[in-house]
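Data block for query_20.txt (compact mmCIF, N, CA and C atoms):
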# COMPACT_ATOMS: atom_id res chain seq x y z
N MET A 1 -14.82 17.27 16.71
CA MET A 1 -14.84 16.25 15.67
C MET A 1 -13.46 16.10 15.01
N GLU A 2 -12.81 17.22 14.77
CA GLU A 2 -11.48 17.16 14.15
C GLU A 2 -10.47 16.50 15.08
N THR A 3 -10.59 16.79 16.36
CA THR A 3 -9.67 16.19 17.33
C THR A 3 -9.88 14.68 17.41
N ALA A 4 -11.11 14.25 17.39
CA ALA A 4 -11.39 12.81 17.43
C ALA A 4 -10.85 12.12 16.17
N GLY A 5 -11.01 12.76 15.02
CA GLY A 5 -10.47 12.20 13.78
C GLY A 5 -8.95 12.11 13.80
N ASN A 6 -8.32 13.16 14.34
CA ASN A 6 -6.87 13.17 14.45
C ASN A 6 -6.39 12.07 15.40
N HIS A 7 -7.06 11.91 16.53
CA HIS A 7 -6.70 10.85 17.47
C HIS A 7 -6.88 9.48 16.84
N PHE A 8 -7.95 9.30 16.07
CA PHE A 8 -8.16 8.02 15.40
C PHE A 8 -7.03 7.71 14.44
N VAL A 9 -6.67 8.70 13.61
CA VAL A 9 -5.62 8.47 12.61
C VAL A 9 -4.26 8.24 13.26
N GLU A 10 -3.99 8.91 14.35
CA GLU A 10 -2.67 8.79 14.96
C GLU A 10 -2.56 7.67 15.99
N LEU A 11 -3.68 7.19 16.53
CA LEU A 11 -3.61 6.15 17.56
C LEU A 11 -4.18 4.80 17.12
N ILE A 12 -5.27 4.80 16.37
CA ILE A 12 -5.93 3.54 15.99
C ILE A 12 -5.45 3.05 14.63
N ALA A 13 -5.38 3.94 13.66
CA ALA A 13 -5.01 3.52 12.30
C ALA A 13 -3.62 2.88 12.22
N PRO A 14 -2.61 3.33 12.99
CA PRO A 14 -1.33 2.62 12.93
C PRO A 14 -1.42 1.17 13.38
N LEU A 15 -2.33 0.87 14.30
CA LEU A 15 -2.52 -0.52 14.73
C LEU A 15 -3.10 -1.37 13.60
N MET A 16 -3.84 -0.72 12.72
CA MET A 16 -4.42 -1.45 11.58
C MET A 16 -3.34 -1.92 10.61
N LEU A 17 -2.19 -1.29 10.64
CA LEU A 17 -1.11 -1.66 9.73
C LEU A 17 -0.44 -2.98 10.12
N ILE A 18 -0.55 -3.37 11.37
CA ILE A 18 0.12 -4.59 11.81
C ILE A 18 -0.84 -5.77 12.02
N ILE A 19 -2.12 -5.54 11.84
CA ILE A 19 -3.09 -6.63 11.95
C ILE A 19 -2.99 -7.48 10.67
N PRO A 20 -2.85 -8.80 10.80
CA PRO A 20 -2.59 -9.64 9.62
C PRO A 20 -3.83 -9.96 8.77
N LEU A 21 -4.71 -9.01 8.59
CA LEU A 21 -5.85 -9.18 7.70
C LEU A 21 -5.69 -8.20 6.54
N ARG A 22 -5.78 -8.71 5.33
CA ARG A 22 -5.50 -7.92 4.13
C ARG A 22 -6.36 -6.66 4.06
N LYS A 23 -7.66 -6.79 4.23
CA LYS A 23 -8.56 -5.64 4.09
C LYS A 23 -8.29 -4.59 5.17
N VAL A 24 -8.00 -5.03 6.37
CA VAL A 24 -7.72 -4.10 7.46
C VAL A 24 -6.44 -3.32 7.17
N GLN A 25 -5.41 -4.00 6.64
CA GLN A 25 -4.16 -3.33 6.30
C GLN A 25 -4.35 -2.33 5.17
N ILE A 26 -5.15 -2.69 4.18
CA ILE A 26 -5.40 -1.77 3.07
C ILE A 26 -6.15 -0.53 3.55
N VAL A 27 -7.14 -0.72 4.41
CA VAL A 27 -7.89 0.42 4.96
C VAL A 27 -6.96 1.28 5.83
N GLY A 28 -6.16 0.65 6.67
CA GLY A 28 -5.24 1.39 7.52
C GLY A 28 -4.21 2.17 6.72
N GLY A 29 -3.66 1.54 5.68
CA GLY A 29 -2.71 2.23 4.82
C GLY A 29 -3.35 3.38 4.08
N SER A 30 -4.58 3.19 3.62
CA SER A 30 -5.30 4.25 2.91
C SER A 30 -5.57 5.44 3.83
N ILE A 31 -5.96 5.15 5.06
CA ILE A 31 -6.23 6.22 6.02
C ILE A 31 -4.95 7.01 6.30
N GLN A 32 -3.86 6.30 6.50
CA GLN A 32 -2.59 6.98 6.79
C GLN A 32 -2.14 7.85 5.61
N ILE A 33 -2.23 7.30 4.40
CA ILE A 33 -1.80 8.06 3.22
C ILE A 33 -2.70 9.27 3.00
N LEU A 34 -4.01 9.10 3.14
CA LEU A 34 -4.92 10.22 2.98
C LEU A 34 -4.62 11.32 3.99
N PHE A 35 -4.40 10.95 5.23
CA PHE A 35 -4.09 11.93 6.27
C PHE A 35 -2.79 12.67 5.95
N GLN A 36 -1.78 11.94 5.49
CA GLN A 36 -0.50 12.57 5.17
C GLN A 36 -0.63 13.50 3.97
N VAL A 37 -1.43 13.12 2.99
CA VAL A 37 -1.64 13.98 1.81
C VAL A 37 -2.34 15.28 2.23
N ILE A 38 -3.30 15.17 3.15
CA ILE A 38 -3.96 16.39 3.66
C ILE A 38 -2.94 17.29 4.34
N LEU A 39 -2.05 16.71 5.12
CA LEU A 39 -1.02 17.51 5.78
C LEU A 39 -0.03 18.11 4.78
N ILE A 40 0.28 17.36 3.73
CA ILE A 40 1.18 17.88 2.68
C ILE A 40 0.55 19.07 2.00
N CYS A 41 -0.75 18.98 1.73
CA CYS A 41 -1.45 20.10 1.08
C CYS A 41 -1.45 21.35 1.96
N SER A 42 -1.40 21.16 3.27
CA SER A 42 -1.35 22.32 4.17
C SER A 42 0.04 22.95 4.19
N GLY A 43 1.05 22.21 3.69
CA GLY A 43 2.40 22.75 3.61
C GLY A 43 3.18 22.68 4.90
N ASN A 44 2.70 21.94 5.87
CA ASN A 44 3.35 21.86 7.16
C ASN A 44 4.23 20.62 7.25
N LEU A 45 5.54 20.78 7.28
CA LEU A 45 6.50 19.68 7.40
C LEU A 45 6.28 18.60 6.33
N SER A 46 6.13 19.01 5.10
CA SER A 46 5.73 18.04 4.08
C SER A 46 6.79 16.98 3.81
N PHE A 47 8.08 17.27 4.02
CA PHE A 47 9.10 16.24 3.81
C PHE A 47 8.88 15.06 4.75
N LEU A 48 8.56 15.33 5.99
CA LEU A 48 8.31 14.25 6.94
C LEU A 48 7.04 13.48 6.59
N ASN A 49 6.06 14.16 6.01
CA ASN A 49 4.84 13.48 5.60
C ASN A 49 5.11 12.52 4.44
N TRP A 50 5.96 12.92 3.51
CA TRP A 50 6.33 12.01 2.41
C TRP A 50 7.05 10.79 2.97
N LEU A 51 7.91 10.99 3.96
CA LEU A 51 8.60 9.85 4.57
C LEU A 51 7.64 8.92 5.30
N THR A 52 6.58 9.47 5.85
CA THR A 52 5.58 8.65 6.54
C THR A 52 4.76 7.83 5.55
N ILE A 53 4.58 8.34 4.35
CA ILE A 53 3.81 7.62 3.33
C ILE A 53 4.55 6.37 2.85
N LEU A 54 5.87 6.43 2.77
CA LEU A 54 6.64 5.31 2.22
C LEU A 54 6.35 3.96 2.88
N PRO A 55 6.40 3.83 4.20
CA PRO A 55 6.09 2.51 4.76
C PRO A 55 4.63 2.09 4.59
N CYS A 56 3.75 3.06 4.42
CA CYS A 56 2.33 2.73 4.23
C CYS A 56 2.07 2.06 2.88
N ILE A 57 2.93 2.31 1.92
CA ILE A 57 2.77 1.69 0.59
C ILE A 57 2.89 0.17 0.69
N ALA A 58 3.64 -0.31 1.67
CA ALA A 58 3.81 -1.76 1.85
C ALA A 58 2.51 -2.45 2.26
N CYS A 59 1.51 -1.70 2.65
CA CYS A 59 0.22 -2.30 3.04
C CYS A 59 -0.58 -2.79 1.84
N PHE A 60 -0.21 -2.38 0.66
CA PHE A 60 -0.97 -2.71 -0.54
C PHE A 60 -0.28 -3.83 -1.29
N ASP A 61 -1.04 -4.87 -1.63
CA ASP A 61 -0.50 -5.97 -2.40
C ASP A 61 -0.77 -5.75 -3.88
N ASP A 62 -0.31 -6.69 -4.70
CA ASP A 62 -0.45 -6.56 -6.15
C ASP A 62 -1.92 -6.46 -6.57
N LYS A 63 -2.76 -7.23 -5.94
CA LYS A 63 -4.18 -7.23 -6.32
C LYS A 63 -4.83 -5.88 -6.05
N SER A 64 -4.48 -5.25 -4.94
CA SER A 64 -5.10 -3.97 -4.61
C SER A 64 -4.58 -2.83 -5.48
N LEU A 65 -3.40 -2.99 -6.07
CA LEU A 65 -2.84 -1.94 -6.93
C LEU A 65 -3.01 -2.22 -8.42
N SER A 66 -3.66 -3.31 -8.77
CA SER A 66 -3.78 -3.69 -10.18
C SER A 66 -4.58 -2.69 -11.01
N TRP A 67 -5.44 -1.89 -10.37
CA TRP A 67 -6.23 -0.90 -11.11
C TRP A 67 -5.35 0.22 -11.68
N LEU A 68 -4.13 0.33 -11.19
CA LEU A 68 -3.22 1.38 -11.68
C LEU A 68 -2.61 1.05 -13.03
N PHE A 69 -2.68 -0.22 -13.44
CA PHE A 69 -1.99 -0.68 -14.63
C PHE A 69 -2.97 -1.17 -15.68
N THR A 70 -2.56 -1.09 -16.94
CA THR A 70 -3.40 -1.60 -18.03
C THR A 70 -3.29 -3.13 -18.06
N SER A 71 -4.23 -3.77 -18.72
CA SER A 71 -4.20 -5.23 -18.78
C SER A 71 -3.01 -5.72 -19.59
N ASP A 72 -2.57 -4.93 -20.59
CA ASP A 72 -1.38 -5.33 -21.36
C ASP A 72 -0.13 -5.36 -20.48
N SER A 73 0.03 -4.34 -19.65
CA SER A 73 1.22 -4.31 -18.80
C SER A 73 1.16 -5.40 -17.73
N LEU A 74 -0.03 -5.74 -17.27
CA LEU A 74 -0.16 -6.82 -16.29
C LEU A 74 0.17 -8.16 -16.91
N GLN A 75 -0.20 -8.36 -18.18
CA GLN A 75 0.14 -9.61 -18.85
C GLN A 75 1.64 -9.74 -19.04
N LYS A 76 2.31 -8.64 -19.33
CA LYS A 76 3.77 -8.68 -19.49
C LYS A 76 4.46 -9.02 -18.18
N LEU A 77 3.87 -8.63 -17.06
CA LEU A 77 4.48 -8.86 -15.76
C LEU A 77 4.12 -10.20 -15.15
N SER A 78 3.04 -10.83 -15.65
CA SER A 78 2.62 -12.10 -15.07
C SER A 78 3.65 -13.18 -15.37
N PRO A 79 3.83 -14.12 -14.44
CA PRO A 79 4.82 -15.18 -14.66
C PRO A 79 4.42 -16.07 -15.84
N LYS A 80 5.40 -16.41 -16.63
CA LYS A 80 5.17 -17.26 -17.79
C LYS A 80 5.02 -18.70 -17.34
N SER A 81 4.02 -19.38 -17.85
CA SER A 81 3.85 -20.79 -17.51
C SER A 81 4.75 -21.61 -18.43
N THR A 82 5.50 -22.52 -17.83
CA THR A 82 6.40 -23.37 -18.60
C THR A 82 5.94 -24.81 -18.48
N ASP A 83 6.11 -25.56 -19.54
CA ASP A 83 5.76 -26.98 -19.52
C ASP A 83 6.94 -27.74 -18.94
N ASN A 84 6.80 -28.15 -17.73
CA ASN A 84 7.85 -28.86 -17.03
C ASN A 84 7.36 -30.24 -16.68
N SER A 85 7.14 -31.06 -17.71
CA SER A 85 6.50 -32.37 -17.54
C SER A 85 7.44 -33.38 -16.89
N GLU A 86 8.75 -33.14 -16.88
CA GLU A 86 9.67 -34.10 -16.28
C GLU A 86 9.71 -33.99 -14.76
N GLY A 87 9.16 -32.95 -14.20
CA GLY A 87 9.14 -32.81 -12.76
C GLY A 87 10.40 -32.18 -12.20
N THR A 88 11.29 -31.73 -13.07
CA THR A 88 12.51 -31.09 -12.57
C THR A 88 12.25 -29.61 -12.39
N SER A 89 12.98 -29.04 -11.49
CA SER A 89 12.79 -27.61 -11.25
C SER A 89 13.63 -26.81 -12.25
N THR A 90 13.13 -25.67 -12.59
CA THR A 90 13.81 -24.79 -13.52
C THR A 90 14.34 -23.61 -12.75
N PHE A 91 15.62 -23.35 -12.86
CA PHE A 91 16.23 -22.21 -12.18
C PHE A 91 16.45 -21.10 -13.20
N ILE A 92 15.88 -19.97 -12.89
CA ILE A 92 16.08 -18.81 -13.76
C ILE A 92 16.87 -17.82 -12.93
N GLY A 93 18.03 -17.53 -13.32
CA GLY A 93 18.84 -16.64 -12.51
C GLY A 93 19.64 -15.79 -13.32

Encoding of this model in structure tokens:
Amino acid sequence: METAGNHFVELIAPLMLIIPLRKVQIVGGSIQILFQVILICSGNLSFLNWLTILPCIACFDDKSLSWLFTSDSLQKLSPKSTDNSEGTSTFIG
């Protein structure tokens, strides 16, 4: 059972990271991060496991990570709506 789980995480779950469906990418990223955290807890090559987690973070979009933040901080980060009734574009730089 452990070997089958390991094969799944190392052979199938990486393919889930490149499939262009949001839910599949989130599940694939979660599986990869969970597996790497288990390996980190075992103390075996943990620096490489941390490096493997970094690209998996890109699988999560703002909506899937919104539970990490308070509603006040999300309001501060949300784009401000501006009244641009003349139809001209506003450049903020």

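Atom CA of A:Ser64 lies 15.5 Å from atom CA of A:Leu77.
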
Item to complete: Determine the nearest neighbour of A:Gly29 from the options A:Leu48, A:Pro14, A:Phe8, A:Leu65, counting all atoms listed in the file.
Response: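 Checking each of A:Leu48, A:Pro14, A:Phe8, A:Leu65 against A:Gly29, counting all atoms listed in the file, the winner is A:Pro14.
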
Worksheet item: What residues in chain A get the DSSP label alpha helix (DSSP H)? Please answer as a ChimeraX atom specification.
Response: /A:2-7,13-16,22-42,46-57,62-65,71-77

Worksheet item: Of the candidates A:Ile19, A:Leu74, A:Ile33, A:Ile26, which shows the shortest atom-to-atom distance to A:Leu51, using only C-alpha atoms?
Response: A:Ile33

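Residues surrounding A:Cys59 within 8 Å are Leu17, Arg22, Val24, Gln25, Ile26, Val27, Gly28, Gly29 and Ser30 of chain A [all atoms listed in the file; sequence separation below 6 positions excluded].
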
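Separating atom C of A:Thr3 from atom N of A:Asp61 is a distance of 28.7 Å.
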
Fill in: Straight-line distance linking atom CA of A:Phe35 with atom CA of A:Val9, stated in Å to one decimal
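Answer for the atom CA of A:Phe35 to atom CA of A:Val9 separation: 7.4 Å.
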
Keeping C-alpha atoms, write chain A of the structure just shown out as an mmCIF file, in the first residue's frame.
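Below is the file that was written, result.cif:
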data_model
loop_
_atom_site.group_PDB
_atom_site.id
_atom_site.type_symbol
_atom_site.label_atom_id
_atom_site.label_comp_id
_atom_site.auth_asym_id
_atom_site.auth_seq_id
_atom_site.Cartn_x
_atom_site.Cartn_y
_atom_site.Cartn_z
ATOM 1 C CA MET A 1 0.000 0.000 0.000
ATOM 2 C CA GLU A 2 2.820 2.407 0.838
ATOM 3 C CA THR A 3 4.573 1.652 -2.428
ATOM 4 C CA ALA A 4 1.414 2.297 -4.417
ATOM 5 C CA GLY A 5 0.906 5.610 -2.603
ATOM 6 C CA ASN A 6 4.499 6.605 -3.260
ATOM 7 C CA HIS A 7 4.182 5.732 -6.955
ATOM 8 C CA PHE A 8 0.965 7.749 -7.174
ATOM 9 C CA VAL A 9 2.553 10.824 -5.583
ATOM 10 C CA GLU A 10 5.705 10.625 -7.673
ATOM 11 C CA LEU A 11 4.202 9.601 -11.038
ATOM 12 C CA ILE A 12 0.550 10.711 -11.226
ATOM 13 C CA ALA A 13 0.338 13.761 -8.970
ATOM 14 C CA PRO A 14 2.998 15.738 -10.920
ATOM 15 C CA LEU A 15 0.828 15.380 -14.025
ATOM 16 C CA MET A 16 -2.004 16.982 -12.083
ATOM 17 C CA LEU A 17 0.093 20.146 -11.784
ATOM 18 C CA ILE A 18 0.059 20.783 -15.533
ATOM 19 C CA ILE A 19 -3.585 19.961 -16.260
ATOM 20 C CA PRO A 20 -5.369 23.294 -16.895
ATOM 21 C CA LEU A 21 -8.250 22.651 -14.486
ATOM 22 C CA ARG A 22 -8.205 24.696 -11.283
ATOM 23 C CA LYS A 23 -9.475 21.984 -8.921
ATOM 24 C CA VAL A 24 -7.120 19.354 -10.337
ATOM 25 C CA GLN A 25 -4.132 21.689 -9.889
ATOM 26 C CA ILE A 26 -5.132 22.500 -6.314
ATOM 27 C CA VAL A 27 -5.495 18.800 -5.463
ATOM 28 C CA GLY A 28 -2.190 17.981 -7.164
ATOM 29 C CA GLY A 29 -0.386 20.791 -5.369
ATOM 30 C CA SER A 30 -1.892 19.751 -2.042
ATOM 31 C CA ILE A 31 -0.810 16.144 -2.549
ATOM 32 C CA GLN A 32 2.732 17.193 -3.424
ATOM 33 C CA ILE A 33 3.035 19.560 -0.458
ATOM 34 C CA LEU A 34 1.593 17.009 1.973
ATOM 35 C CA PHE A 35 4.013 14.355 0.730
ATOM 36 C CA GLN A 36 6.973 16.720 1.047
ATOM 37 C CA VAL A 37 5.947 17.748 4.577
ATOM 38 C CA ILE A 38 5.818 14.068 5.564
ATOM 39 C CA LEU A 39 9.333 13.631 4.195
ATOM 40 C CA ILE A 40 10.518 16.776 6.008
ATOM 41 C CA CYS A 41 9.164 15.397 9.283
ATOM 42 C CA SER A 42 11.203 12.233 8.708
ATOM 43 C CA GLY A 43 14.326 14.423 8.477
ATOM 44 C CA ASN A 44 15.529 12.905 5.223
ATOM 45 C CA LEU A 45 16.971 15.490 2.776
ATOM 46 C CA SER A 46 14.635 18.166 4.072
ATOM 47 C CA PHE A 47 16.335 21.033 2.181
ATOM 48 C CA LEU A 48 15.437 19.400 -1.130
ATOM 49 C CA ASN A 49 11.883 18.846 0.094
ATOM 50 C CA TRP A 50 11.501 22.559 0.859
ATOM 51 C CA LEU A 51 12.740 23.333 -2.655
ATOM 52 C CA THR A 52 10.157 20.936 -4.085
ATOM 53 C CA ILE A 53 7.365 22.707 -2.200
ATOM 54 C CA LEU A 54 8.146 26.109 -3.742
ATOM 55 C CA PRO A 55 6.862 25.414 -7.282
ATOM 56 C CA CYS A 56 3.799 23.658 -5.851
ATOM 57 C CA ILE A 57 2.686 26.916 -4.221
ATOM 58 C CA ALA A 58 2.010 28.272 -7.718
ATOM 59 C CA CYS A 59 -0.875 25.790 -8.029
ATOM 60 C CA PHE A 60 -2.961 27.826 -5.606
ATOM 61 C CA ASP A 61 -4.788 30.950 -6.730
ATOM 62 C CA ASP A 62 -6.017 33.851 -4.610
ATOM 63 C CA LYS A 63 -9.426 32.295 -4.062
ATOM 64 C CA SER A 64 -8.011 29.042 -2.719
ATOM 65 C CA LEU A 65 -5.691 30.872 -0.297
ATOM 66 C CA SER A 66 -8.208 33.470 0.917
ATOM 67 C CA TRP A 67 -8.952 31.440 4.078
ATOM 68 C CA LEU A 68 -5.452 32.340 5.322
ATOM 69 C CA PHE A 69 -6.296 36.040 5.586
ATOM 70 C CA THR A 70 -8.789 38.084 7.579
ATOM 71 C CA SER A 71 -11.557 39.930 5.764
ATOM 72 C CA ASP A 72 -9.983 43.271 6.752
ATOM 73 C CA SER A 73 -6.685 42.400 5.094
ATOM 74 C CA LEU A 74 -8.501 41.141 1.989
ATOM 75 C CA GLN A 75 -10.391 44.428 1.713
ATOM 76 C CA LYS A 76 -7.125 46.362 1.898
ATOM 77 C CA LEU A 77 -5.694 44.259 -0.920
ATOM 78 C CA SER A 78 -8.740 44.348 -3.186
ATOM 79 C CA PRO A 79 -8.493 46.734 -6.140
ATOM 80 C CA LYS A 80 -10.111 50.098 -5.551
ATOM 81 C CA SER A 81 -12.977 50.909 -7.879
ATOM 82 C CA THR A 82 -12.562 54.281 -9.554
ATOM 83 C CA ASP A 83 -15.224 56.324 -11.286
ATOM 84 C CA ASN A 84 -13.899 56.633 -14.785
ATOM 85 C CA SER A 85 -16.989 57.957 -16.555
ATOM 86 C CA GLU A 86 -15.023 59.624 -19.379
ATOM 87 C CA GLY A 87 -13.869 56.283 -20.733
ATOM 88 C CA THR A 88 -10.187 57.123 -20.491
ATOM 89 C CA SER A 89 -7.771 54.676 -19.032
ATOM 90 C CA THR A 90 -6.033 55.423 -15.776
ATOM 91 C CA PHE A 91 -2.371 54.544 -15.480
ATOM 92 C CA ILE A 92 -1.083 53.905 -12.012
ATOM 93 C CA GLY A 93 2.619 53.468 -12.028
#
